[in-house]
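Participant: Below is the file entry-v2.cif, with mmCIF, C-alpha atoms and all ligand atoms.
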data_start
loop_
_atom_site.group_PDB
_atom_site.id
_atom_site.type_symbol
_atom_site.label_atom_id
_atom_site.label_comp_id
_atom_site.auth_asym_id
_atom_site.auth_seq_id
_atom_site.Cartn_x
_atom_site.Cartn_y
_atom_site.Cartn_z
ATOM 1 C CA MET P 12 -20.243 9.108 7.224
ATOM 2 C CA ARG P 13 -23.273 7.628 8.913
ATOM 3 C CA LEU P 14 -23.420 4.059 7.703
ATOM 4 C CA ASP P 15 -26.128 2.562 9.942
ATOM 5 C CA ASP P 16 -28.663 2.147 7.131
ATOM 6 C CA ILE P 17 -26.240 0.890 4.521
ATOM 7 C CA ARG P 18 -26.134 -2.750 3.496
ATOM 8 C CA ARG P 19 -22.908 -4.607 4.246
ATOM 9 C CA SER P 20 -21.502 -6.524 1.304
ATOM 10 C CA SER P 21 -20.698 -10.185 1.676
ATOM 11 C CA ASN P 22 -18.492 -10.170 -1.426
ATOM 12 C CA ILE P 23 -15.488 -10.065 0.857
ATOM 13 C CA GLU P 24 -12.849 -12.728 1.108
ATOM 14 C CA ASP P 25 -11.295 -12.189 4.501
ATOM 15 C CA ARG P 26 -7.751 -13.531 4.407
ATOM 16 C CA ARG P 27 -6.573 -11.804 7.557
ATOM 17 C CA SER P 28 -4.377 -13.952 9.715
ATOM 18 C CA GLY P 29 -6.729 -13.783 12.665
ATOM 19 C CA GLY P 30 -9.393 -15.669 10.727
ATOM 20 C CA GLY P 31 -9.673 -19.440 10.708
ATOM 21 C CA GLY P 32 -10.844 -21.721 7.935
ATOM 22 C CA LEU P 33 -10.138 -19.297 5.139
ATOM 23 C CA GLY P 34 -7.659 -21.440 3.249
ATOM 24 C CA GLY P 35 -7.452 -21.741 -0.464
ATOM 25 C CA GLY P 36 -5.157 -20.376 -3.087
ATOM 26 C CA GLY P 37 -4.303 -17.070 -1.529
ATOM 27 C CA GLY P 38 -3.167 -17.907 1.954
ATOM 28 C CA GLY P 39 -2.380 -15.364 4.577
ATOM 29 C CA GLY P 40 1.379 -15.521 4.540
ATOM 30 C CA PRO P 41 3.548 -14.185 7.329
ATOM 31 C CA ARG P 42 2.655 -10.937 8.961
ATOM 32 C CA MET P 43 5.166 -8.365 7.824
ATOM 33 C CA PRO P 44 6.427 -5.653 10.150
ATOM 34 C CA LEU P 45 5.442 -2.876 7.779
ATOM 35 C CA ARG P 46 3.565 -0.458 9.909
ATOM 36 C CA GLY P 47 4.044 3.270 10.337
ATOM 37 C CA ARG P 48 7.164 4.830 8.907
ATOM 38 C CA GLY P 49 8.622 1.531 7.818
ATOM 39 C CA GLY P 50 5.573 0.881 5.696
ATOM 40 C CA ILE P 51 5.689 4.281 4.071
ATOM 41 C CA ALA P 52 9.395 3.897 3.366
ATOM 42 C CA MET P 53 8.584 0.558 1.790
ATOM 43 C CA ILE P 54 5.829 2.119 -0.316
ATOM 44 C CA MET P 55 8.275 4.739 -1.512
ATOM 45 C CA VAL P 56 10.881 2.126 -2.395
ATOM 46 C CA VAL P 57 8.295 0.277 -4.430
ATOM 47 C CA LEU P 58 7.113 3.503 -6.061
ATOM 48 C CA LEU P 59 10.653 4.333 -7.054
ATOM 49 C CA LEU P 60 10.992 0.858 -8.504
ATOM 50 C CA VAL P 61 7.750 1.395 -10.357
ATOM 51 C CA PHE P 62 8.721 4.800 -11.662
ATOM 52 C CA PHE P 63 12.272 3.993 -12.641
ATOM 53 C CA GLY P 64 12.142 0.264 -13.163
ATOM 54 C CA GLY P 65 11.334 -1.518 -16.399
ATOM 55 C CA GLY P 66 7.942 -1.751 -18.055
ATOM 56 C CA ASP P 67 7.279 -5.080 -16.424
ATOM 57 C CA THR P 68 7.521 -3.577 -12.980
ATOM 58 C CA VAL P 69 5.048 -0.903 -13.967
ATOM 59 C CA GLY P 70 2.718 -3.488 -15.384
ATOM 60 C CA THR P 71 2.903 -5.699 -12.350
ATOM 61 C CA LEU P 72 2.487 -3.201 -9.585
ATOM 62 C CA MET P 73 1.079 0.011 -11.011
ATOM 63 C CA SER P 74 1.776 1.517 -7.578
ATOM 64 C CA ILE P 75 -0.768 2.931 -5.162
ATOM 65 C CA LEU P 76 -4.441 2.506 -6.092
ATOM 66 C CA GLY P 77 -3.255 0.851 -9.207
ATOM 67 C CA VAL P 78 -4.646 -1.763 -11.444
ATOM 68 C CA GLY P 79 -2.703 -4.952 -11.940
ATOM 69 C CA SER P 80 -2.013 -6.223 -15.418
ATOM 70 C CA GLY P 81 -2.185 -9.942 -14.789
ATOM 71 C CA THR P 82 -4.778 -12.128 -16.410
ATOM 72 C CA SER P 83 -5.722 -15.703 -15.653
ATOM 73 C CA SER P 84 -3.923 -16.918 -18.729
ATOM 74 C CA GLN P 85 -0.726 -15.100 -17.767
ATOM 75 C CA SER P 86 -0.729 -16.216 -14.205
ATOM 76 C CA GLY P 87 0.926 -19.555 -14.746
ATOM 77 C CA GLY P 88 0.777 -21.603 -11.610
ATOM 78 C CA PHE P 89 -1.631 -19.393 -9.721
ATOM 79 C CA GLN P 90 -4.498 -21.317 -8.215
ATOM 80 C CA ALA P 91 -7.700 -19.369 -7.974
ATOM 81 C CA ASP P 92 -9.463 -19.556 -4.638
ATOM 82 C CA ALA P 93 -12.553 -21.609 -5.298
ATOM 83 C CA SER P 94 -14.254 -20.860 -1.980
ATOM 84 C CA PRO P 95 -16.998 -18.243 -2.251
ATOM 85 C CA PRO P 96 -16.552 -14.957 -0.388
ATOM 86 C CA LYS P 97 -18.149 -15.037 3.041
ATOM 87 C CA GLY P 98 -17.986 -11.443 4.184
ATOM 88 C CA ILE P 99 -16.062 -10.012 7.083
ATOM 89 C CA ASP P 100 -14.706 -12.585 9.495
ATOM 90 C CA GLN P 101 -15.389 -10.957 12.849
ATOM 91 C CA GLN P 102 -12.860 -13.217 14.544
ATOM 92 C CA ALA P 103 -10.104 -11.741 12.401
ATOM 93 C CA ASN P 104 -10.520 -8.342 14.011
ATOM 94 C CA THR P 105 -7.745 -7.720 16.495
ATOM 95 C CA SER P 106 -9.102 -4.476 17.929
ATOM 96 C CA ARG P 107 -12.246 -2.431 18.078
ATOM 97 C CA SER P 108 -10.892 0.084 15.606
ATOM 98 C CA GLU P 109 -9.968 -2.699 13.184
ATOM 99 C CA ALA P 110 -13.498 -4.081 13.516
ATOM 100 C CA GLU P 111 -14.899 -0.641 12.711
ATOM 101 C CA THR P 112 -12.646 -0.251 9.704
ATOM 102 C CA ALA P 113 -13.571 -3.707 8.384
ATOM 103 C CA ASP P 114 -17.263 -2.930 8.886
ATOM 104 C CA ARG P 115 -16.851 0.353 6.978
ATOM 105 C CA VAL P 116 -15.169 -1.504 4.117
ATOM 106 C CA ALA P 117 -18.161 -3.871 3.920
ATOM 107 C CA ALA P 118 -20.619 -0.963 4.001
ATOM 108 C CA VAL P 119 -18.847 1.067 1.339
ATOM 109 C CA LEU P 120 -18.484 -1.980 -0.897
ATOM 110 C CA GLY P 121 -22.198 -2.717 -0.384
ATOM 111 C CA SER P 122 -23.054 0.835 -1.327
ATOM 112 C CA THR P 123 -21.036 0.641 -4.551
ATOM 113 C CA GLU P 124 -22.725 -2.660 -5.427
ATOM 114 C CA ASP P 125 -26.236 -1.284 -4.942
ATOM 115 C CA PHE P 126 -25.428 1.872 -6.865
ATOM 116 C CA TRP P 127 -23.715 0.264 -9.858
ATOM 117 C CA THR P 128 -26.289 -2.539 -10.038
ATOM 118 C CA ALA P 129 -29.044 0.076 -10.378
ATOM 119 C CA HIS P 130 -26.972 2.198 -12.747
ATOM 120 C CA PHE P 131 -26.248 -0.760 -15.027
ATOM 121 C CA ALA P 132 -29.895 -1.891 -14.879
ATOM 122 C CA ARG P 133 -31.038 1.543 -16.069
ATOM 123 C CA ASN P 134 -28.849 0.972 -19.116
ATOM 124 C CA GLY P 135 -30.130 -2.538 -19.695
ATOM 125 C CA ALA P 136 -27.006 -4.239 -18.349
ATOM 126 C CA THR P 137 -26.239 -6.507 -15.412
ATOM 127 C CA TYR P 138 -23.520 -5.615 -12.926
ATOM 128 C CA THR P 139 -21.457 -8.476 -11.547
ATOM 129 C CA PRO P 140 -19.697 -7.195 -8.425
ATOM 130 C CA ALA P 141 -16.014 -7.686 -7.688
ATOM 131 C CA THR P 142 -14.815 -9.627 -4.665
ATOM 132 C CA LEU P 143 -12.741 -7.672 -2.195
ATOM 133 C CA VAL P 144 -9.849 -9.533 -0.588
ATOM 134 C CA LEU P 145 -9.067 -8.139 2.827
ATOM 135 C CA PHE P 146 -5.654 -9.171 4.095
ATOM 136 C CA ASP P 147 -2.822 -8.270 6.373
ATOM 137 C CA GLY P 148 0.854 -8.892 5.740
ATOM 138 C CA GLN P 149 0.804 -10.323 2.251
ATOM 139 C CA THR P 150 -1.220 -12.561 -0.007
ATOM 140 C CA SER P 151 -0.983 -13.839 -3.544
ATOM 141 C CA SER P 152 -2.977 -12.742 -6.589
ATOM 142 C CA PRO P 153 -2.783 -13.474 -10.328
ATOM 143 C CA CYS P 154 -1.265 -9.979 -10.605
ATOM 144 C CA GLY P 155 1.562 -10.858 -8.230
ATOM 145 C CA THR P 156 2.035 -10.717 -4.492
ATOM 146 C CA ALA P 157 -0.154 -8.196 -2.710
ATOM 147 C CA SER P 158 1.387 -6.611 0.361
ATOM 148 C CA SER P 159 1.228 -3.446 2.379
ATOM 149 C CA SER P 160 3.898 -2.037 0.091
ATOM 150 C CA THR P 161 1.933 -2.477 -3.142
ATOM 151 C CA GLY P 162 -1.039 -0.446 -1.951
ATOM 152 C CA PRO P 163 -4.618 -1.405 -2.839
ATOM 153 C CA PHE P 164 -5.145 -2.619 -6.397
ATOM 154 C CA TYR P 165 -7.636 -4.312 -8.666
ATOM 155 C CA CYS P 166 -6.568 -7.488 -10.432
ATOM 156 C CA PRO P 167 -8.386 -8.235 -13.715
ATOM 157 C CA GLY P 168 -7.041 -11.813 -13.613
ATOM 158 C CA ASP P 169 -9.461 -12.859 -10.877
ATOM 159 C CA LYS P 170 -11.650 -9.718 -10.773
ATOM 160 C CA LYS P 171 -10.742 -9.037 -7.156
ATOM 161 C CA ILE P 172 -9.785 -5.937 -5.242
ATOM 162 C CA TYR P 173 -6.827 -6.427 -2.888
ATOM 163 C CA LEU P 174 -6.879 -4.287 0.221
ATOM 164 C CA ASP P 175 -4.367 -4.436 3.027
ATOM 165 C CA MET P 176 -5.812 -3.389 6.371
ATOM 166 C CA SER P 177 -2.747 -1.337 7.228
ATOM 167 C CA PHE P 178 -3.068 0.864 4.125
ATOM 168 C CA PHE P 179 -5.691 3.078 5.724
ATOM 169 C CA GLU P 180 -3.386 3.540 8.659
ATOM 170 C CA GLU P 181 -0.633 4.567 6.231
ATOM 171 C CA MET P 182 -2.982 6.963 4.486
ATOM 172 C CA ASP P 183 -3.856 8.520 7.769
ATOM 173 C CA ARG P 184 -0.340 8.909 9.085
ATOM 174 C CA GLY P 185 1.955 8.988 6.115
ATOM 175 C CA LEU P 186 -0.041 10.509 3.287
ATOM 176 C CA GLY P 187 -2.071 12.941 5.337
ATOM 177 C CA ALA P 188 -5.380 11.672 3.912
ATOM 178 C CA LYS P 189 -7.496 11.381 7.008
ATOM 179 C CA GLY P 190 -11.015 10.240 7.622
ATOM 180 C CA ASP P 191 -13.497 7.521 6.843
ATOM 181 C CA PHE P 192 -14.658 9.056 3.583
ATOM 182 C CA ALA P 193 -11.062 9.151 2.343
ATOM 183 C CA GLN P 194 -11.063 5.383 2.868
ATOM 184 C CA ALA P 195 -14.384 5.100 1.067
ATOM 185 C CA TYR P 196 -12.928 6.964 -1.895
ATOM 186 C CA VAL P 197 -10.097 4.428 -2.172
ATOM 187 C CA ILE P 198 -12.567 1.522 -2.284
ATOM 188 C CA ALA P 199 -14.812 3.313 -4.792
ATOM 189 C CA HIS P 200 -11.751 3.959 -6.964
ATOM 190 C CA GLU P 201 -10.808 0.272 -6.983
ATOM 191 C CA VAL P 202 -14.407 -0.728 -7.722
ATOM 192 C CA ALA P 203 -14.219 1.702 -10.649
ATOM 193 C CA HIS P 204 -11.329 -0.309 -12.111
ATOM 194 C CA HIS P 205 -13.610 -3.337 -11.964
ATOM 195 C CA LEU P 206 -16.278 -1.343 -13.853
ATOM 196 C CA GLN P 207 -13.681 -0.460 -16.465
ATOM 197 C CA ASP P 208 -12.837 -4.145 -16.698
ATOM 198 C CA VAL P 209 -16.375 -5.482 -17.080
ATOM 199 C CA THR P 210 -17.343 -2.759 -19.558
ATOM 200 C CA GLY P 211 -14.354 -3.612 -21.748
ATOM 201 C CA ILE P 212 -12.568 -0.296 -21.253
ATOM 202 C CA LEU P 213 -9.672 -1.780 -19.305
ATOM 203 C CA PRO P 214 -8.871 -4.673 -21.665
ATOM 204 C CA LYS P 215 -8.994 -2.249 -24.608
ATOM 205 C CA ALA P 216 -6.757 0.248 -22.850
ATOM 206 C CA ASN P 217 -4.308 -2.478 -21.833
ATOM 207 C CA ARG P 218 -4.133 -3.695 -25.446
ATOM 208 C CA ALA P 219 -3.488 -0.165 -26.646
ATOM 209 C CA MET P 220 -0.771 0.295 -24.038
ATOM 210 C CA ARG P 221 0.913 -2.920 -25.105
ATOM 211 C CA GLN P 222 0.795 -1.868 -28.754
ATOM 212 C CA GLN P 223 1.886 1.709 -28.219
ATOM 213 C CA GLY P 224 4.036 1.180 -25.186
ATOM 214 C CA GLN P 225 2.446 4.350 -23.866
ATOM 215 C CA ASN P 226 2.014 3.547 -20.214
ATOM 216 C CA LYS P 227 3.773 6.506 -18.659
ATOM 217 C CA GLY P 228 3.597 10.262 -18.981
ATOM 218 C CA ALA P 229 1.160 12.975 -17.996
ATOM 219 C CA ASP P 230 -1.345 12.284 -20.801
ATOM 220 C CA SER P 231 -0.746 8.538 -21.138
ATOM 221 C CA ILE P 232 -3.416 5.876 -21.324
ATOM 222 C CA ALA P 233 -2.405 4.773 -17.815
ATOM 223 C CA VAL P 234 -3.208 8.227 -16.428
ATOM 224 C CA ARG P 235 -6.513 8.315 -18.337
ATOM 225 C CA ILE P 236 -7.489 4.970 -16.769
ATOM 226 C CA GLU P 237 -6.747 6.316 -13.292
ATOM 227 C CA LEU P 238 -8.544 9.628 -13.763
ATOM 228 C CA GLN P 239 -11.602 7.857 -15.142
ATOM 229 C CA ALA P 240 -11.661 5.684 -12.020
ATOM 230 C CA ASP P 241 -11.574 8.851 -9.911
ATOM 231 C CA CYS P 242 -14.475 10.230 -11.971
ATOM 232 C CA TYR P 243 -16.551 7.056 -11.454
ATOM 233 C CA ALA P 244 -15.806 7.290 -7.723
ATOM 234 C CA GLY P 245 -17.164 10.850 -7.814
ATOM 235 C CA LEU P 246 -20.304 9.667 -9.600
ATOM 236 C CA TRP P 247 -20.894 7.072 -6.894
ATOM 237 C CA ALA P 248 -20.248 9.622 -4.121
ATOM 238 C CA ALA P 249 -22.843 12.007 -5.559
ATOM 239 C CA GLN P 250 -25.653 9.613 -6.388
ATOM 240 C CA SER P 251 -25.443 6.534 -4.204
ATOM 241 C CA ASN P 252 -26.927 6.074 -0.738
ATOM 242 C CA ILE P 253 -23.572 7.304 0.544
ATOM 243 C CA ALA P 254 -24.577 10.793 -0.637
ATOM 244 C CA GLN P 255 -27.182 10.927 2.135
ATOM 245 C CA ALA P 256 -24.674 9.525 4.603
ATOM 246 C CA LEU P 257 -22.180 12.315 4.016
ATOM 247 C CA GLU P 258 -21.390 14.657 6.844
ATOM 248 C CA PRO P 259 -19.734 18.051 6.733
ATOM 249 C CA GLY P 260 -16.075 17.619 5.858
ATOM 250 C CA ASP P 261 -16.482 14.268 4.080
ATOM 251 C CA MET P 262 -16.061 15.698 0.592
ATOM 252 C CA GLU P 263 -12.934 17.491 1.687
ATOM 253 C CA GLU P 264 -11.648 14.173 2.996
ATOM 254 C CA ALA P 265 -12.207 12.487 -0.360
ATOM 255 C CA LEU P 266 -10.603 15.334 -2.240
ATOM 256 C CA GLY P 267 -7.772 15.253 0.251
ATOM 257 C CA ALA P 268 -7.299 11.562 -0.485
ATOM 258 C CA ALA P 269 -7.477 12.135 -4.242
ATOM 259 C CA SER P 270 -4.926 14.855 -3.807
ATOM 260 C CA ALA P 271 -2.665 12.892 -1.471
ATOM 261 C CA VAL P 272 -2.266 9.976 -3.843
ATOM 262 C CA GLY P 273 -1.511 12.036 -6.962
ATOM 263 C CA ASP P 274 1.708 11.050 -8.667
ATOM 264 C CA ASP P 275 3.310 14.452 -8.293
ATOM 265 C CA ARG P 276 2.682 14.482 -4.558
ATOM 266 C CA LEU P 277 3.953 10.941 -4.049
ATOM 267 C CA GLN P 278 7.040 11.613 -6.122
ATOM 268 C CA LYS P 279 7.791 14.850 -4.345
ATOM 269 C CA ARG P 280 7.563 13.042 -1.036
ATOM 270 C CA ALA P 281 9.820 10.299 -2.318
ATOM 271 C CA GLN P 282 12.481 12.291 -4.130
ATOM 272 C CA GLY P 283 11.755 15.968 -3.614
ATOM 273 C CA PHE P 284 10.695 16.769 -7.170
ATOM 274 C CA ALA P 285 8.142 15.575 -9.713
ATOM 275 C CA VAL P 286 8.939 13.982 -13.071
ATOM 276 C CA PRO P 287 5.905 14.228 -15.393
ATOM 277 C CA ASP P 288 7.159 11.563 -17.801
ATOM 278 C CA SER P 289 6.831 8.880 -15.207
ATOM 279 C CA PHE P 290 3.302 9.800 -14.083
ATOM 280 C CA THR P 291 0.931 6.887 -14.191
ATOM 281 C CA HIS P 292 -1.914 8.143 -12.014
ATOM 282 C CA GLY P 293 -2.319 11.841 -12.746
ATOM 283 C CA THR P 294 -1.370 14.807 -10.634
ATOM 284 C CA SER P 295 -3.129 15.680 -7.413
ATOM 285 C CA ALA P 296 -4.941 18.536 -9.165
ATOM 286 C CA GLN P 297 -6.076 16.284 -12.022
ATOM 287 C CA ARG P 298 -7.385 13.645 -9.646
ATOM 288 C CA MET P 299 -9.428 16.244 -7.779
ATOM 289 C CA VAL P 300 -10.755 17.691 -11.043
ATOM 290 C CA TRP P 301 -11.966 14.306 -12.311
ATOM 291 C CA PHE P 302 -13.462 13.251 -8.991
ATOM 292 C CA LYS P 303 -15.440 16.517 -9.045
ATOM 293 C CA LYS P 304 -16.436 15.968 -12.686
ATOM 294 C CA GLY P 305 -17.916 12.622 -11.741
ATOM 295 C CA PHE P 306 -19.645 14.167 -8.760
ATOM 296 C CA GLU P 307 -21.261 16.808 -10.946
ATOM 297 C CA SER P 308 -21.799 14.912 -14.226
ATOM 298 C CA GLY P 309 -24.351 12.340 -13.088
ATOM 299 C CA ASP P 310 -23.438 10.011 -15.938
ATOM 300 C CA MET P 311 -20.609 7.655 -16.898
ATOM 301 C CA ARG P 312 -20.315 9.472 -20.208
ATOM 302 C CA GLY P 313 -19.133 12.517 -18.325
ATOM 303 C CA CYS P 314 -16.104 10.452 -17.318
ATOM 304 C CA ASP P 315 -14.648 9.896 -20.787
ATOM 305 C CA THR P 316 -11.031 10.716 -20.054
ATOM 306 C CA PHE P 317 -9.962 8.915 -23.212
ATOM 307 C CA SER P 318 -11.390 11.509 -25.579
ATOM 308 C CA ALA P 319 -10.702 14.460 -23.293
ATOM 309 C CA ARG P 320 -8.105 16.802 -24.758
ATOM 310 C CA ASP P 321 -7.269 18.440 -21.488
ATOM 311 C CA LEU P 322 -6.906 16.200 -18.523
HETATM 312 ZN ZN ZN A 1 -6.270 3.182 -9.765
#
So, in terms of structure tokens, how does the structure I just supplied come out?
Ligand SMILES: [Zn+2]
Facilitator:
Amino acid sequence: MRLDDIRRSSNIEDRRSGGGGLGGGGGGGPRMPLRGRGGIAMIMVVLLLVFFGGGDTVGTLMSILGVGSGTSSQSGGFQADASPPKGIDQQANTSRSEAETADRVAAVLGSTEDFWTAHFARNGATYTPATLVLFDGQTSSPCGTASSSTGPFYCPGDKKIYLDMSFFEEMDRGLGAKGDFAQAYVIAHEVAHHLQDVTGILPKANRAMRQQGQNKGADSIAVRIELQADCYAGLWAAQSNIAQALEPGDMEEALGAASAVGDDRLQKRAQGFAVPDSFTHGTSAQRMVWFKKGFESGDMRGCDTFSARDL
């Protein structure tokens, strides 16, 4: 991706430990030694807990690229961070490559904001962007503790995306999803959960899941939420200013990422076989299909996974 001409978002709350003066509710917390293989092992442990644990675990973590189930009213003692997001804290960067990654996050987030603001405006609506919390180690959210083991997620409770800097490293090494556009896809997917939230899709789906208890399985509501987010990410990739920034191989990177974080792939890595009943994100093939649908559809209506018979 060539990002020179793309606006950097300032809707970033940088809670990385290198940064000063970023106090407030979240807090940086201790830096956890969860890099490389250790981190992946930790992710797998959490995934197994998510897949085989009780419903509460599923609701709280929703695993990689998930969407948290917490709301402000459920969060009990959680104190929301009242300080406004200030953008990337350059002093928090510990290396040149970390600075580049952080800058890419700001650019991709900026691109999603410009695109969805225009898209909403065309439909007579106003888009209120999400704040992205960039952290290392761990930090707190109304949806529970965010750490490198939970993977990136969107929390409806405070309308923030939680992104651990080391996740991209894990993607690169452990999940085999390489490249800057693969990272962009992850951010666009989380932003899509925010879209689902502000358009009322997510609250409705969460209510339905609570009533029906249908939050697992290959055609569950949970999978439909995830595949729709992939579709919205595809829509953004095709029509935003990122589309002009794409270079040969970028699409393959995104599809590689969509494929690498499919439930079947993650489960096979973790336990050697896939169990469709515990799918909450869709298979690798389904994620690629819906990302492509978004890319080709040109409209949010083309991303209606809830009325689709075949996912
Ligand atoms: Zn997701």
Participant: Starting from the displayed file, determine the output of the PyMOL selection byres (((chain P and resi 252-257) around 12) and not hetatm) and express the residue list as a ChimeraX atom specification.
Facilitator: /P:12-18,115,118-127,129,190-193,195-196,199,244-251,258-265,306
Participant: Do you know which residues the PyMOL selection byres (((not hetatm)) within 8 of (chain A and resi 1)) returns on this file, as JSON, numbers by chain?
Facilitator: {"P": [75, 76, 77, 78, 164, 165, 200, 201, 204, 236, 237, 238, 240, 241, 292]}
Participant: Please determine the residues with any atom at most 12 Å from (-12.5, 1.6, -20.3) (coordinates as given in the file, with all atoms listed in the file counting) and report them as a ChimeraX atom specification.
Facilitator: /P:203-219,232-233,235-240,243,311-312,314-318
Participant: Counting only C-alpha atoms, figure out which residue out of P:Gly309, P:Gly267, P:Gly135, P:Gly228 gets nearest to Cys242 of chain P.
Facilitator: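 Of all the options, P:Gly309 lies closest to Cys242 of chain P.
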Participant: For the structure provided, state which residues fall under the PyMOL selection byres (((chain P and resi 108-114) around 12) and not hetatm), and present them as JSON, numbers by chain.
Facilitator: {"P": [14, 15, 17, 18, 19, 20, 21, 23, 24, 25, 27, 29, 98, 99, 100, 101, 102, 103, 104, 105, 106, 107, 115, 116, 117, 118, 119, 120, 121, 143, 144, 145, 146, 147, 174, 175, 176, 177, 178, 179, 180, 190, 191, 192, 194, 195, 198]}
Participant: Can you work out which one of P:Gln223, P:Ala319, P:Asp310, P:Pro163 has the shortest atom-to-atom distance to Phe131 of chain P, counting all atoms listed in the file?
Facilitator: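 Among the listed residues, P:Asp310 lies closest to Phe131 of chain P.
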Participant: Figure out the distance between atom CA of Ala268 of chain P and atom CA of Ser151 of chain P, please, to one decimal in Å.
Facilitator: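 Those two atoms sit 26.4 Å apart.
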Participant: With only C-alpha atoms as the atoms that count, which of P:Val197, P:Cys166, P:Arg26, P:Glu181 lies nearest to Thr150 of chain P?
Facilitator: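 Nearest candidate to Thr150 of chain P out of P:Val197, P:Cys166, P:Arg26, P:Glu181: P:Arg26.
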Participant: In Å, rounded to a single decimal, give me how far atom CA of Lys227 of chain P is from atom CA of Gln149 of chain P.
Facilitator: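 Those two atoms sit 27.0 Å apart.
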Participant: Report, in Å with one decimal, the straight-line distance from atom CA of Gly305 of chain P to atom CA of Asp169 of chain P.
Facilitator: 26.9 Å
Participant: Between P:Thr294, P:Ser152, P:Thr128, P:Thr137, single out the one closest to Ile172 of chain P, counting only C-alpha atoms.
Facilitator: P:Ser152
Participant: Can you complete the atoms of segment 220-237 of chain P to N, CA and C atoms and list them as a PDB file, in the coordinates of the input?
Facilitator:
ATOM      1  N   MET P 220      -2.043  -0.007 -24.706  1.00  0.00           N
ATOM      2  CA  MET P 220      -0.771   0.295 -24.038  1.00  0.00           C
ATOM      3  C   MET P 220       0.315  -0.667 -24.489  1.00  0.00           C
ATOM      4  N   ARG P 221      -0.081  -1.931 -24.659  1.00  0.00           N
ATOM      5  CA  ARG P 221       0.913  -2.920 -25.105  1.00  0.00           C
ATOM      6  C   ARG P 221       1.390  -2.595 -26.515  1.00  0.00           C
ATOM      7  N   GLN P 222       0.437  -2.168 -27.362  1.00  0.00           N
ATOM      8  CA  GLN P 222       0.795  -1.868 -28.754  1.00  0.00           C
ATOM      9  C   GLN P 222       1.636  -0.605 -28.844  1.00  0.00           C
ATOM     10  N   GLN P 223       1.218   0.412 -28.091  1.00  0.00           N
ATOM     11  CA  GLN P 223       1.886   1.709 -28.219  1.00  0.00           C
ATOM     12  C   GLN P 223       3.022   1.872 -27.217  1.00  0.00           C
ATOM     13  N   GLY P 224       3.033   1.026 -26.227  1.00  0.00           N
ATOM     14  CA  GLY P 224       4.036   1.180 -25.186  1.00  0.00           C
ATOM     15  C   GLY P 224       3.865   2.474 -24.413  1.00  0.00           C
ATOM     16  N   GLN P 225       2.665   3.041 -24.496  1.00  0.00           N
ATOM     17  CA  GLN P 225       2.446   4.350 -23.866  1.00  0.00           C
ATOM     18  C   GLN P 225       1.818   4.177 -22.487  1.00  0.00           C
ATOM     19  N   ASN P 226       2.607   3.738 -21.534  1.00  0.00           N
ATOM     20  CA  ASN P 226       2.014   3.547 -20.214  1.00  0.00           C
ATOM     21  C   ASN P 226       2.602   4.459 -19.156  1.00  0.00           C
ATOM     22  N   LYS P 227       3.276   5.506 -19.600  1.00  0.00           N
ATOM     23  CA  LYS P 227       3.773   6.506 -18.659  1.00  0.00           C
ATOM     24  C   LYS P 227       3.509   7.885 -19.259  1.00  0.00           C
ATOM     25  N   GLY P 228       3.741   8.902 -18.461  1.00  0.00           N
ATOM     26  CA  GLY P 228       3.597  10.262 -18.981  1.00  0.00           C
ATOM     27  C   GLY P 228       2.287  10.887 -18.578  1.00  0.00           C
ATOM     28  N   ALA P 229       2.278  12.226 -18.565  1.00  0.00           N
ATOM     29  CA  ALA P 229       1.160  12.975 -17.996  1.00  0.00           C
ATOM     30  C   ALA P 229      -0.141  12.812 -18.769  1.00  0.00           C
ATOM     31  N   ASP P 230      -0.082  12.487 -20.077  1.00  0.00           N
ATOM     32  CA  ASP P 230      -1.345  12.284 -20.801  1.00  0.00           C
ATOM     33  C   ASP P 230      -1.429  10.856 -21.350  1.00  0.00           C
ATOM     34  N   SER P 231      -0.779   9.931 -20.676  1.00  0.00           N
ATOM     35  CA  SER P 231      -0.746   8.538 -21.138  1.00  0.00           C
ATOM     36  C   SER P 231      -2.080   7.837 -20.903  1.00  0.00           C
ATOM     37  N   ILE P 232      -2.209   6.692 -21.526  1.00  0.00           N
ATOM     38  CA  ILE P 232      -3.416   5.876 -21.324  1.00  0.00           C
ATOM     39  C   ILE P 232      -3.529   5.489 -19.850  1.00  0.00           C
ATOM     40  N   ALA P 233      -2.391   5.179 -19.231  1.00  0.00           N
ATOM     41  CA  ALA P 233      -2.405   4.773 -17.815  1.00  0.00           C
ATOM     42  C   ALA P 233      -3.018   5.871 -16.942  1.00  0.00           C
ATOM     43  N   VAL P 234      -2.647   7.105 -17.199  1.00  0.00           N
ATOM     44  CA  VAL P 234      -3.208   8.227 -16.428  1.00  0.00           C
ATOM     45  C   VAL P 234      -4.696   8.371 -16.716  1.00  0.00           C
ATOM     46  N   ARG P 235      -5.085   8.195 -17.980  1.00  0.00           N
ATOM     47  CA  ARG P 235      -6.513   8.315 -18.337  1.00  0.00           C
ATOM     48  C   ARG P 235      -7.349   7.245 -17.633  1.00  0.00           C
ATOM     49  N   ILE P 236      -6.794   6.041 -17.504  1.00  0.00           N
ATOM     50  CA  ILE P 236      -7.489   4.970 -16.769  1.00  0.00           C
ATOM     51  C   ILE P 236      -7.711   5.409 -15.317  1.00  0.00           C
ATOM     52  N   GLU P 237      -6.661   5.937 -14.704  1.00  0.00           N
ATOM     53  CA  GLU P 237      -6.747   6.316 -13.292  1.00  0.00           C
ATOM     54  C   GLU P 237      -7.724   7.470 -13.067  1.00  0.00           C
TER      55      GLU P 237
END
